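run.txt follows (compact mmCIF, C-alpha atoms):
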```
# COMPACT_ATOMS: atom_id res chain seq x y z
CA MET J 1 -30.73 -3.56 -69.81
CA ARG J 2 -27.71 -4.48 -67.64
CA ARG J 3 -25.68 -1.72 -69.28
CA LEU J 4 -28.41 0.83 -68.53
CA SER J 5 -28.47 -0.31 -64.90
CA ILE J 6 -24.71 0.17 -64.59
CA ILE J 7 -24.96 3.69 -66.05
CA PHE J 8 -27.89 4.50 -63.74
CA PHE J 9 -26.09 3.41 -60.55
CA SER J 10 -22.86 5.10 -61.68
CA LEU J 11 -24.71 8.39 -62.01
CA ILE J 12 -26.26 7.97 -58.56
CA PHE J 13 -22.79 7.19 -57.10
CA VAL J 14 -21.24 10.29 -58.72
CA THR J 15 -24.09 12.43 -57.38
CA LEU J 16 -23.76 11.05 -53.84
CA CYS J 17 -19.96 11.47 -53.83
CA SER J 18 -20.31 15.02 -55.12
CA ALA J 19 -22.94 15.82 -52.48
CA GLN J 20 -20.66 14.46 -49.77
CA SER J 21 -17.78 16.52 -51.11
CA VAL J 22 -19.90 19.69 -51.10
CA LYS J 23 -20.99 18.97 -47.52
CA GLU J 24 -17.38 18.40 -46.37
CA LEU J 25 -16.15 21.54 -48.11
CA GLU J 26 -18.96 23.58 -46.58
CA ALA J 27 -17.91 22.31 -43.12
CA GLN J 28 -14.26 23.18 -43.89
CA ARG J 29 -15.25 26.67 -45.00
CA LYS J 30 -17.25 27.26 -41.80
CA GLN J 31 -14.35 25.99 -39.68
CA ALA J 32 -11.88 28.23 -41.53
CA LEU J 33 -14.18 31.23 -41.04
CA LYS J 34 -14.43 30.39 -37.35
CA GLN J 35 -10.62 30.42 -37.07
CA LEU J 36 -10.57 33.69 -39.00
CA GLU J 37 -12.93 35.22 -36.42
CA THR J 38 -10.31 34.60 -33.72
CA THR J 39 -7.57 36.23 -35.80
CA ASN J 40 -9.84 39.18 -36.59
CA LYS J 41 -10.53 39.62 -32.87
CA VAL J 42 -6.79 39.68 -32.14
CA LEU J 43 -6.30 42.11 -35.05
CA ASP J 44 -8.99 44.42 -33.64
CA GLU J 45 -7.10 44.50 -30.34
CA THR J 46 -3.91 45.60 -32.13
CA LYS J 47 -5.83 48.50 -33.73
CA LYS J 48 -6.12 50.15 -30.32
CA THR J 49 -2.61 51.45 -31.02
CA GLN J 50 -2.03 53.13 -34.38
CA LYS J 51 1.73 52.60 -34.59
CA ALA J 52 3.24 49.91 -36.81
CA SER J 53 4.68 46.93 -34.96
CA LEU J 54 6.02 43.46 -35.61
CA ASN J 55 3.06 42.02 -33.76
CA LYS J 56 0.62 43.85 -36.00
CA LEU J 57 2.51 42.60 -39.06
CA THR J 58 2.43 39.02 -37.72
CA VAL J 59 -1.33 39.13 -37.10
CA LEU J 60 -2.02 40.71 -40.49
CA ARG J 61 0.00 38.02 -42.26
CA LYS J 62 -1.82 35.30 -40.36
CA ASN J 63 -5.12 36.96 -41.27
CA ILE J 64 -4.13 37.02 -44.95
CA SER J 65 -3.04 33.38 -44.85
CA GLN J 66 -6.32 32.26 -43.26
CA ARG J 67 -8.40 34.34 -45.66
CA GLN J 68 -6.57 32.80 -48.63
CA SER J 69 -7.35 29.39 -47.15
CA VAL J 70 -11.04 30.34 -46.96
CA LEU J 71 -10.98 31.45 -50.60
CA ASN J 72 -9.30 28.21 -51.70
CA THR J 73 -12.00 26.23 -49.92
CA ILE J 74 -14.72 28.38 -51.50
CA ASN J 75 -13.27 27.76 -54.99
CA LYS J 76 -13.27 24.01 -54.34
CA GLU J 77 -16.85 24.24 -53.06
CA ILE J 78 -17.98 26.09 -56.20
CA ASN J 79 -16.31 23.44 -58.39
CA ALA J 80 -17.97 20.67 -56.36
CA LEU J 81 -21.37 22.38 -56.75
CA ASP J 82 -20.81 22.65 -60.51
CA ASN J 83 -19.91 18.95 -60.71
CA GLU J 84 -22.98 18.02 -58.70
CA MET J 85 -25.26 20.17 -60.85
CA ASN J 86 -23.84 18.63 -64.03
CA ALA J 87 -24.46 15.14 -62.61
CA LEU J 88 -28.00 16.15 -61.59
CA ASN J 89 -28.71 17.55 -65.05
CA ARG J 90 -27.46 14.37 -66.70
CA GLU J 91 -29.59 12.26 -64.39
CA LYS J 92 -32.60 14.50 -64.97
CA ARG J 93 -32.24 14.19 -68.77
CA ARG J 94 -31.89 10.40 -68.47
CA LEU J 95 -35.02 10.21 -66.30
CA GLU J 96 -36.95 12.40 -68.76
CA ALA J 97 -35.96 10.09 -71.63
CA THR J 98 -37.01 7.07 -69.55
CA LEU J 99 -40.31 8.78 -68.75
CA GLU J 100 -41.03 9.35 -72.44
CA GLY J 101 -40.43 5.65 -73.06
CA TYR J 102 -42.81 4.66 -70.27
CA LYS J 103 -45.44 7.07 -71.58
CA ALA J 104 -45.13 5.72 -75.14
CA ASP J 105 -45.52 2.12 -73.90
CA TYR J 106 -48.48 3.12 -71.78
CA ALA J 107 -50.16 4.99 -74.67
CA LYS J 108 -49.79 1.92 -76.87
CA MET J 109 -51.43 -0.25 -74.20
CA VAL J 110 -54.26 2.26 -73.82
CA ARG J 111 -54.91 2.15 -77.58
CA GLU J 112 -54.93 -1.66 -77.57
CA SER J 113 -57.22 -1.67 -74.57
CA TYR J 114 -59.59 0.70 -76.36
CA VAL J 115 -59.83 -1.64 -79.34
CA ASN J 116 -60.50 -4.60 -77.05
CA ARG J 117 -62.37 -2.62 -74.41
CA SER J 118 -65.62 -4.58 -74.21
CA ILE J 119 -66.22 -7.37 -71.69
CA TYR J 120 -67.61 -9.39 -74.62
CA SER J 121 -64.24 -9.24 -76.45
CA LYS J 122 -62.38 -10.49 -73.36
CA LEU J 123 -64.99 -13.16 -72.78
CA MET J 124 -64.81 -14.32 -76.40
CA PHE J 125 -61.00 -14.36 -76.12
CA LEU J 126 -61.33 -16.81 -73.23
CA LEU J 127 -64.16 -18.92 -74.66
CA SER J 128 -62.49 -19.29 -78.03
CA ALA J 129 -59.74 -21.33 -76.42
CA GLU J 130 -59.54 -24.85 -77.72
CA THR J 131 -58.73 -26.40 -74.31
CA PHE J 132 -59.24 -25.56 -70.68
CA ASP J 133 -55.48 -25.23 -70.22
CA GLN J 134 -55.32 -22.69 -73.05
CA SER J 135 -58.23 -20.81 -71.53
CA PHE J 136 -56.45 -20.70 -68.18
CA ARG J 137 -53.25 -19.38 -69.82
CA ARG J 138 -55.29 -16.67 -71.59
CA LEU J 139 -56.87 -15.68 -68.28
CA ARG J 140 -53.46 -15.44 -66.68
CA TYR J 141 -52.24 -13.38 -69.65
CA LEU J 142 -55.07 -10.89 -69.18
CA LYS J 143 -54.27 -10.56 -65.50
CA GLU J 144 -50.55 -10.10 -66.17
CA TYR J 145 -51.37 -7.54 -68.87
CA ALA J 146 -53.49 -5.58 -66.40
CA ASP J 147 -50.75 -5.78 -63.76
CA TYR J 148 -48.21 -4.64 -66.33
CA ARG J 149 -50.33 -1.58 -67.09
CA LYS J 150 -50.52 -0.74 -63.39
CA ASP J 151 -46.75 -1.23 -63.10
CA GLN J 152 -46.11 1.08 -66.05
CA MET J 153 -48.34 3.71 -64.49
CA GLN J 154 -46.49 3.39 -61.19
CA LYS J 155 -43.15 3.73 -63.01
CA ILE J 156 -44.39 6.90 -64.68
CA GLU J 157 -45.44 8.37 -61.33
CA ASP J 158 -42.17 7.35 -59.62
CA THR J 159 -40.07 8.75 -62.45
CA GLN J 160 -41.99 12.03 -62.36
CA LYS J 161 -41.31 12.25 -58.60
CA GLU J 162 -37.59 11.57 -59.18
CA ILE J 163 -37.45 14.31 -61.81
CA ALA J 164 -39.13 16.70 -59.38
CA LYS J 165 -36.55 15.81 -56.69
CA LYS J 166 -33.66 16.40 -59.11
CA SER J 167 -35.16 19.74 -60.12
CA GLU J 168 -35.55 20.74 -56.47
CA GLN J 169 -31.94 19.74 -55.69
CA LEU J 170 -30.73 21.71 -58.72
CA ASP J 171 -32.58 24.81 -57.47
CA LEU J 172 -31.02 24.41 -54.01
CA ASN J 173 -27.55 24.01 -55.52
CA LYS J 174 -28.01 27.08 -57.69
CA LYS J 175 -29.00 29.13 -54.62
CA ALA J 176 -26.04 27.71 -52.66
CA LYS J 177 -23.67 28.61 -55.49
CA VAL J 178 -24.95 32.21 -55.57
CA GLU J 179 -24.46 32.51 -51.78
CA VAL J 180 -20.95 31.02 -51.92
CA LYS J 181 -19.96 33.27 -54.83
CA ASN J 182 -21.20 36.32 -52.90
CA GLU J 183 -19.13 35.22 -49.93
CA LYS J 184 -16.14 34.79 -52.22
CA SER J 185 -16.48 38.38 -53.48
CA SER J 186 -16.68 39.64 -49.90
CA GLU J 187 -13.60 37.67 -48.81
CA GLN J 188 -11.62 38.83 -51.87
CA LYS J 189 -12.32 42.47 -50.99
CA LYS J 190 -11.27 41.89 -47.37
CA LEU J 191 -8.12 40.13 -48.57
CA GLN J 192 -7.16 43.10 -50.73
CA ASP J 193 -7.70 45.47 -47.78
CA ASP J 194 -5.52 43.27 -45.52
CA GLN J 195 -2.77 43.12 -48.14
CA LYS J 196 -2.74 46.92 -48.40
CA LYS J 197 -2.48 47.21 -44.61
CA GLU J 198 0.31 44.64 -44.54
CA ASN J 199 2.32 46.57 -47.14
CA THR J 200 1.85 49.81 -45.19
CA VAL J 201 2.99 48.27 -41.89
CA TYR J 202 5.91 46.47 -43.55
CA ASN J 203 7.17 49.66 -45.22
CA GLU J 204 6.93 51.60 -41.96
CA LEU J 205 8.87 48.89 -40.10
CA LYS J 206 11.58 48.80 -42.74
CA LYS J 207 12.39 52.39 -41.80
CA LYS J 208 13.05 51.33 -38.20
CA GLU J 209 15.64 48.58 -38.75
CA GLN J 210 18.03 49.78 -36.04
CA SER J 211 15.22 49.97 -33.50
CA LEU J 212 14.05 46.49 -34.51
CA GLN J 213 17.59 45.14 -34.11
CA ASN J 214 17.75 46.51 -30.56
CA ASP J 215 14.29 45.11 -29.71
CA LEU J 216 15.30 41.73 -31.10
CA LYS J 217 18.37 41.57 -28.85
CA LYS J 218 16.25 42.34 -25.78
CA GLN J 219 13.61 39.75 -26.74
CA GLN J 220 16.27 37.14 -27.47
CA LYS J 221 17.85 37.71 -24.06
CA ILE J 222 14.47 37.25 -22.36
CA ALA J 223 13.82 34.10 -24.40
CA ASN J 224 17.28 32.70 -23.56
CA ASP J 225 16.75 33.37 -19.84
CA LEU J 226 13.39 31.62 -19.97
CA ASN J 227 14.77 28.60 -21.84
CA ARG J 228 17.71 28.25 -19.43
CA LYS J 229 15.34 28.44 -16.46
CA ILE J 230 13.06 25.74 -17.88
CA GLU J 231 15.97 23.49 -18.86
CA THR J 232 17.50 23.83 -15.38
CA LEU J 233 14.20 23.05 -13.65
CA ILE J 234 13.58 19.95 -15.78
CA ALA J 235 17.17 18.72 -15.35
CA GLU J 236 16.84 19.13 -11.58
CA GLU J 237 13.54 17.24 -11.56
CA ILE J 238 15.12 14.32 -13.43
CA ARG J 239 18.18 14.35 -11.14
CA LYS J 240 16.06 14.24 -7.98
CA ALA J 241 13.81 11.52 -9.41
CA GLU J 242 16.84 9.38 -10.27
CA GLU J 243 18.42 9.92 -6.85
CA LYS J 244 15.16 8.93 -5.17
CA ARG J 245 14.91 5.80 -7.31
CA ARG J 246 18.52 4.86 -6.55
CA ALA J 247 17.99 5.38 -2.82
CA GLU J 248 14.91 3.15 -2.85
CA GLU J 249 16.78 0.49 -4.83
CA LEU J 250 19.76 0.54 -2.41
CA ALA J 251 17.42 0.45 0.60
CA LYS J 252 15.98 -2.81 -0.71
CA GLN J 253 19.56 -4.17 -0.87
CA GLY J 254 20.31 -2.94 2.64
CA LYS J 255 22.85 -0.35 1.43
CA LYS J 256 23.14 3.40 1.98
CA PRO J 257 23.49 5.84 -0.93
CA ASP J 258 26.82 7.16 0.43
CA SER J 259 28.37 3.74 1.12
CA LYS J 260 31.53 2.72 -0.75
CA ASP J 261 29.92 -0.19 -2.56
CA ALA J 262 26.89 1.86 -3.72
CA PRO J 263 26.95 2.58 -7.48
CA LYS J 264 27.45 6.25 -8.31
CA VAL J 265 24.91 8.31 -10.27
CA THR J 266 26.41 9.17 -13.67
CA GLU J 267 25.63 12.00 -16.08
CA ALA J 268 23.78 9.51 -18.30
CA ASP J 269 21.51 8.60 -15.37
CA ASN J 270 20.57 12.26 -14.92
CA LYS J 271 19.32 12.48 -18.50
CA VAL J 272 16.65 9.85 -18.00
CA TYR J 273 15.26 7.97 -15.04
CA ALA J 274 13.30 4.79 -14.42
CA MET J 275 9.58 5.51 -14.19
CA THR J 276 6.91 4.12 -11.91
CA LYS J 277 4.12 1.98 -13.41
CA GLU J 278 1.74 4.94 -13.33
CA GLU J 279 4.29 7.19 -15.07
CA LYS J 280 4.89 4.54 -17.74
CA LEU J 281 1.15 4.32 -18.38
CA ILE J 282 0.75 8.09 -18.68
CA SER J 283 3.85 8.32 -20.92
CA GLY J 284 2.47 5.64 -23.22
CA ASN J 285 -0.91 7.35 -23.44
CA PHE J 286 0.72 10.73 -24.07
CA ALA J 287 2.91 9.32 -26.88
CA ALA J 288 -0.08 7.49 -28.38
CA ASN J 289 -1.87 10.84 -28.76
CA ALA J 290 0.86 12.50 -30.82
CA GLY J 291 -0.84 14.76 -33.37
CA ARG J 292 -4.14 14.61 -31.48
CA LEU J 293 -3.47 16.55 -28.28
CA PRO J 294 -5.85 19.48 -27.72
CA TRP J 295 -4.48 22.99 -28.09
CA PRO J 296 -3.20 24.66 -24.90
CA VAL J 297 -5.75 27.45 -25.57
CA GLU J 298 -9.39 27.31 -26.61
CA LYS J 299 -8.91 29.78 -29.48
CA GLY J 300 -5.74 31.06 -31.06
CA PHE J 301 -3.16 30.72 -33.81
CA ILE J 302 0.55 29.95 -33.97
CA SER J 303 2.37 33.27 -34.19
CA GLY J 304 5.88 31.84 -33.78
CA LYS J 305 6.87 28.43 -35.13
CA PHE J 306 9.36 26.01 -33.58
CA GLY J 307 13.02 26.09 -34.63
CA VAL J 308 14.98 28.55 -36.77
CA GLN J 309 12.67 31.12 -38.34
CA PRO J 310 13.38 34.16 -40.56
CA HIS J 311 12.75 37.59 -39.07
CA PRO J 312 9.56 39.22 -40.47
CA THR J 313 11.39 42.30 -41.81
CA LEU J 314 15.16 42.06 -41.17
CA LYS J 315 17.06 40.34 -43.97
CA TYR J 316 19.48 37.52 -43.11
CA VAL J 317 18.30 37.61 -39.48
CA THR J 318 16.77 34.51 -37.87
CA THR J 319 15.39 33.52 -34.49
CA ASN J 320 15.62 30.06 -32.93
CA ASN J 321 12.42 29.25 -31.04
CA LYS J 322 12.63 26.48 -28.44
CA GLY J 323 8.84 26.13 -28.47
CA ILE J 324 5.86 27.71 -30.20
CA TYR J 325 4.13 31.03 -29.56
CA ILE J 326 0.33 31.06 -29.68
CA GLN J 327 -1.56 34.35 -29.90
CA THR J 328 -5.07 34.56 -28.50
CA PRO J 329 -7.67 37.21 -27.67
CA ALA J 330 -7.18 39.03 -24.34
CA LYS J 331 -8.22 37.33 -21.08
CA THR J 332 -7.64 33.85 -22.52
CA ASN J 333 -6.60 30.98 -20.23
CA ALA J 334 -3.87 28.44 -20.88
CA ARG J 335 -5.08 24.87 -20.41
CA ALA J 336 -3.43 21.49 -19.92
CA VAL J 337 -3.13 19.37 -23.06
CA PHE J 338 -3.10 16.04 -21.17
CA GLU J 339 -3.55 14.55 -17.73
CA GLY J 340 -0.53 15.00 -15.48
CA ILE J 341 0.93 16.44 -12.29
CA VAL J 342 2.04 20.04 -11.79
CA THR J 343 5.73 19.90 -10.86
CA GLN J 344 6.76 23.57 -11.13
CA ARG J 345 5.42 27.08 -10.76
CA PHE J 346 8.14 29.54 -11.69
CA SER J 347 8.73 33.13 -12.79
CA VAL J 348 11.27 34.78 -15.10
CA PRO J 349 11.68 38.57 -15.46
CA GLY J 350 10.19 39.63 -18.79
CA SER J 351 8.35 36.34 -19.27
CA ASN J 352 6.00 36.56 -16.25
CA ASN J 353 5.02 33.20 -14.73
CA GLY J 354 5.14 29.63 -15.96
CA VAL J 355 3.91 26.15 -15.13
CA ILE J 356 5.41 22.73 -15.85
CA VAL J 357 3.15 19.67 -15.98
CA GLN J 358 4.67 16.18 -15.97
CA HIS J 359 3.15 13.35 -18.04
CA GLY J 360 5.48 10.46 -17.18
CA GLN J 361 8.67 10.99 -19.14
CA TYR J 362 7.03 13.88 -21.01
CA ARG J 363 6.53 17.45 -19.77
CA THR J 364 4.57 20.39 -21.08
CA VAL J 365 5.50 24.00 -20.31
CA TYR J 366 3.12 26.99 -20.29
CA ALA J 367 4.84 30.38 -19.97
CA ASN J 368 3.87 34.07 -19.98
CA LEU J 369 1.05 33.66 -17.48
CA THR J 370 -0.27 36.15 -14.93
CA ASN J 371 -2.71 34.39 -12.62
CA ILE J 372 -1.96 30.70 -12.00
CA TYR J 373 -4.83 28.46 -10.93
CA VAL J 374 -2.93 25.27 -10.01
CA GLN J 375 -0.53 24.23 -7.25
CA VAL J 376 2.63 22.07 -7.32
CA GLY J 377 1.66 18.43 -6.80
CA GLN J 378 -1.86 18.95 -8.12
CA LYS J 379 -3.23 16.52 -10.71
CA VAL J 380 -4.69 18.16 -13.81
CA SER J 381 -6.95 16.81 -16.54
CA PRO J 382 -7.01 17.59 -20.29
CA LYS J 383 -8.32 21.10 -21.09
CA GLN J 384 -8.22 22.14 -17.42
CA ASN J 385 -7.39 25.84 -17.05
CA ILE J 386 -4.00 26.35 -15.42
CA GLY J 387 -3.49 30.09 -15.71
CA GLN J 388 -4.42 33.31 -17.53
CA ILE J 389 -2.15 34.47 -20.35
CA TYR J 390 -0.54 37.89 -19.91
CA THR J 391 -1.82 40.74 -22.11
CA ASP J 392 0.88 43.30 -22.94
CA SER J 393 -0.80 46.71 -23.14
CA GLU J 394 2.46 48.27 -24.37
CA SER J 395 2.71 45.87 -27.33
CA ASP J 396 -0.61 46.08 -29.19
CA ASN J 397 -2.37 44.26 -26.34
CA LYS J 398 -0.55 41.12 -27.41
CA THR J 399 -1.73 38.02 -25.55
CA GLU J 400 0.75 35.26 -26.35
CA LEU J 401 1.42 31.90 -24.75
CA PHE J 402 4.84 30.24 -24.96
CA PHE J 403 4.35 26.47 -25.13
CA GLN J 404 6.89 23.64 -25.01
CA ILE J 405 6.91 19.82 -24.97
CA TRP J 406 9.85 17.84 -23.56
CA GLU J 407 10.69 14.16 -23.56
CA ASN J 408 13.03 13.81 -20.58
CA ARG J 409 15.70 16.42 -21.45
CA THR J 410 14.96 16.52 -25.18
CA ILE J 411 12.84 19.38 -26.47
CA LEU J 412 10.24 18.49 -29.13
CA ASN J 413 8.30 20.39 -31.78
CA PRO J 414 4.82 20.98 -30.25
CA GLU J 415 3.22 21.44 -33.69
CA SER J 416 3.63 17.73 -34.44
CA TRP J 417 1.84 16.88 -31.17
CA ILE J 418 -1.21 19.14 -31.07
CA SER J 419 -4.21 18.57 -33.36
CA LYS J 420 -4.31 20.35 -36.71
```

Show how you would write the structure in this file as structure tokens.
Amino acid sequence: MRRLSIIFFSLIFVTLCSAQSVKELEAQRKQALKQLETTNKVLDETKKTQKASLNKLTVLRKNISQRQSVLNTINKEINALDNEMNALNREKRRLEATLEGYKADYAKMVRESYVNRSIYSKLMFLLSAETFDQSFRRLRYLKEYADYRKDQMQKIEDTQKEIAKKSEQLDLNKKAKVEVKNEKSSEQKKLQDDQKKENTVYNELKKKEQSLQNDLKKQQKIANDLNRKIETLIAEEIRKAEEKRRAEELAKQGKKPDSKDAPKVTEADNKVYAMTKEEKLISGNFAANAGRLPWPVEKGFISGKFGVQPHPTLKYVTTNNKGIYIQTPAKTNARAVFEGIVTQRFSVPGSNNGVIVQHGQYRTVYANLTNIYVQVGQKVSPKQNIGQIYTDSESDNKTELFFQIWENRTILNPESWISK
């Protein structure tokens, strides 16, 4: 009996775990499809121009990658549904076998009751007892026998209900599997179409290597100018903050910053400065949220990763990104990833406008903006809109944010800070 109980609860556990897995995979699939909608929207905007471009190739490759992710999730979901249906079938067969046992026991009791059906037989069974104690035990036996019959009948009814539930769940799973398989077929066809488009665009771009080389040089110059501007602005912020701190410290000692006995500000001091209590608190909170910061856009995908990356078409050519590029649909706003204070509004030719937000010893940079909604000195909260991202009508309507994270004067990889 104990062994049967263990098997029974094991089957229930497997079924519950499988159901949970199916539910999680269904949620993952829906989330992946939601992300794919954003990429498809960006891809539709690139179709407004028929010419092949690196941007179109980038979006197509991202689309293919996301669609493959959807298909992988669908395959896992189908396997999970199969596992759940197998567990349900096993449980259903076990319940049916148990039901047959209950029915056989009940039929036997009914036959025995029929033989001893008369009140006279029961009365004689009681009166034939040799002692009052024996008569009382026989009366209790008859009551327990009647209760046992009721219990067996209840077990039969309960087991029949359980079998009906398992059958209903099996039907639902079968329908779900058909729907998921249909979705898989649809996504596979779309994937094949995207792969054909990618090959076409890639082959067309390969014929324009010299033009791509020239474009790359121009883009690299713009990127270098932007990075130098940001680095200079942040270095100047740190220098001024350190000078202010030193002046306040000397004032407490009754000294002037330019006096002979005042300690000089060194290069090391300009790389980092002592923070106020509020800045320390914000810094700690910012660092504690590494990997969980919201994205600097509501919808989008990373179109350019941090660090040295291979060129999409040119062999042996790499680019070194000092931040990440995030493509979004047109008219998208950039938003703050954490509470902080706006310290800079700046512009760079070719990169439009940018904003720097300070979070204690950390800073976030949002570049390639048109309209800016915040002012220097203004406090911002997480997910607050700070500016609209520029849409380049001459480059497939590309809407791309350049995003950086700094710790003092050290640049960090934003991908390890924002949520996955």

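Atom CA of Phe346 of chain J to atom CA of Gln327 of chain J spans 21.2 Å [interatomic distance, one decimal].
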
Inset, instruction - Record the distance separating atom CA of Asn83 of chain J and atom CA of Lys189 of chain J, expressed in Å with one decimal. - result: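 Taking atom CA of Asn83 of chain J and atom CA of Lys189 of chain J, their separation equals 26.6 Å.
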
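Atom pair atom CA of Leu293 of chain J / atom CA of Lys322 of chain J has a distance of 18.9 Å (rounded to one decimal).
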
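Using all atoms listed in the file for every distance, the candidate list J:Lys41, J:His359, J:Lys155, J:Arg67 yields J:His359 as the residue closest to Ser283 of chain J.
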
Legend entry - Proximity to Ser395 of chain J - best of J:Gln219, J:Gln344, J:Ser53, J:Gln213, only C-alpha atoms: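 Once distances to Ser395 of chain J are computed over only C-alpha atoms, the minimum belongs to J:Ser53.
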
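Of the residues under consideration (J:Thr370, J:Gln309, J:Ser186, J:Asn40), J:Asn40 shows the shortest atom-to-atom contact distance to Pro329 of chain J when counting only C-alpha atoms.
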
Legend entry - Which of J:Val70, J:Ala107, J:Leu54, J:Ile238 sits closest to Glu37 of chain J [using all atoms listed in the file]: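 Counting all atoms listed in the file, the residue closest to Glu37 of chain J is J:Val70.
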
Legend entry - Selected residue, from J:Met153, J:Leu57, J:Val337, J:Ile222, that lies nearest to Gly291 of chain J when counting all atoms listed in the file: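 Distance minimum relative to Gly291 of chain J lands on J:Val337.
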
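Omitting segment 410-412 of chain J and its sequence neighbours fewer than 5 positions away, and counting all atoms listed in the file, the residues within 10 Å are Glu231, Lys271, Val272, Phe306, Gly307, Lys322, Gly323, Tyr362, Arg363, Thr364, Gln404, Ile405 and Trp417 of chain J.
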
Legend entry - For Lys23 of chain J, the nearest of the candidates J:Lys103, J:Arg94, J:Lys76, J:Lys184, counting all atoms listed in the file: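 Closest residue, counting all atoms listed in the file: J:Lys76.
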
Centre and size of axis-aligned box enclosing segment 371-378 of chain J plus 6 Å each side, as lines of an AutoDock Vina configuration file:
```
center_x = -1.1
center_y = 26.4
center_z = -9.7
size_x = 19.5
size_y = 28.0
size_z = 17.8
```

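All protein and nucleic acid residues in the vicinity of (-14.1, 21.8, -47.9), that is within 8 Å when counting all atoms listed in the file, are J:Ser21, J:Val22, J:Lys23, J:Glu24, J:Leu25, J:Glu26, J:Ala27, J:Gln28, J:Arg29, J:Thr73, J:Ile74, J:Lys76, J:Glu77.
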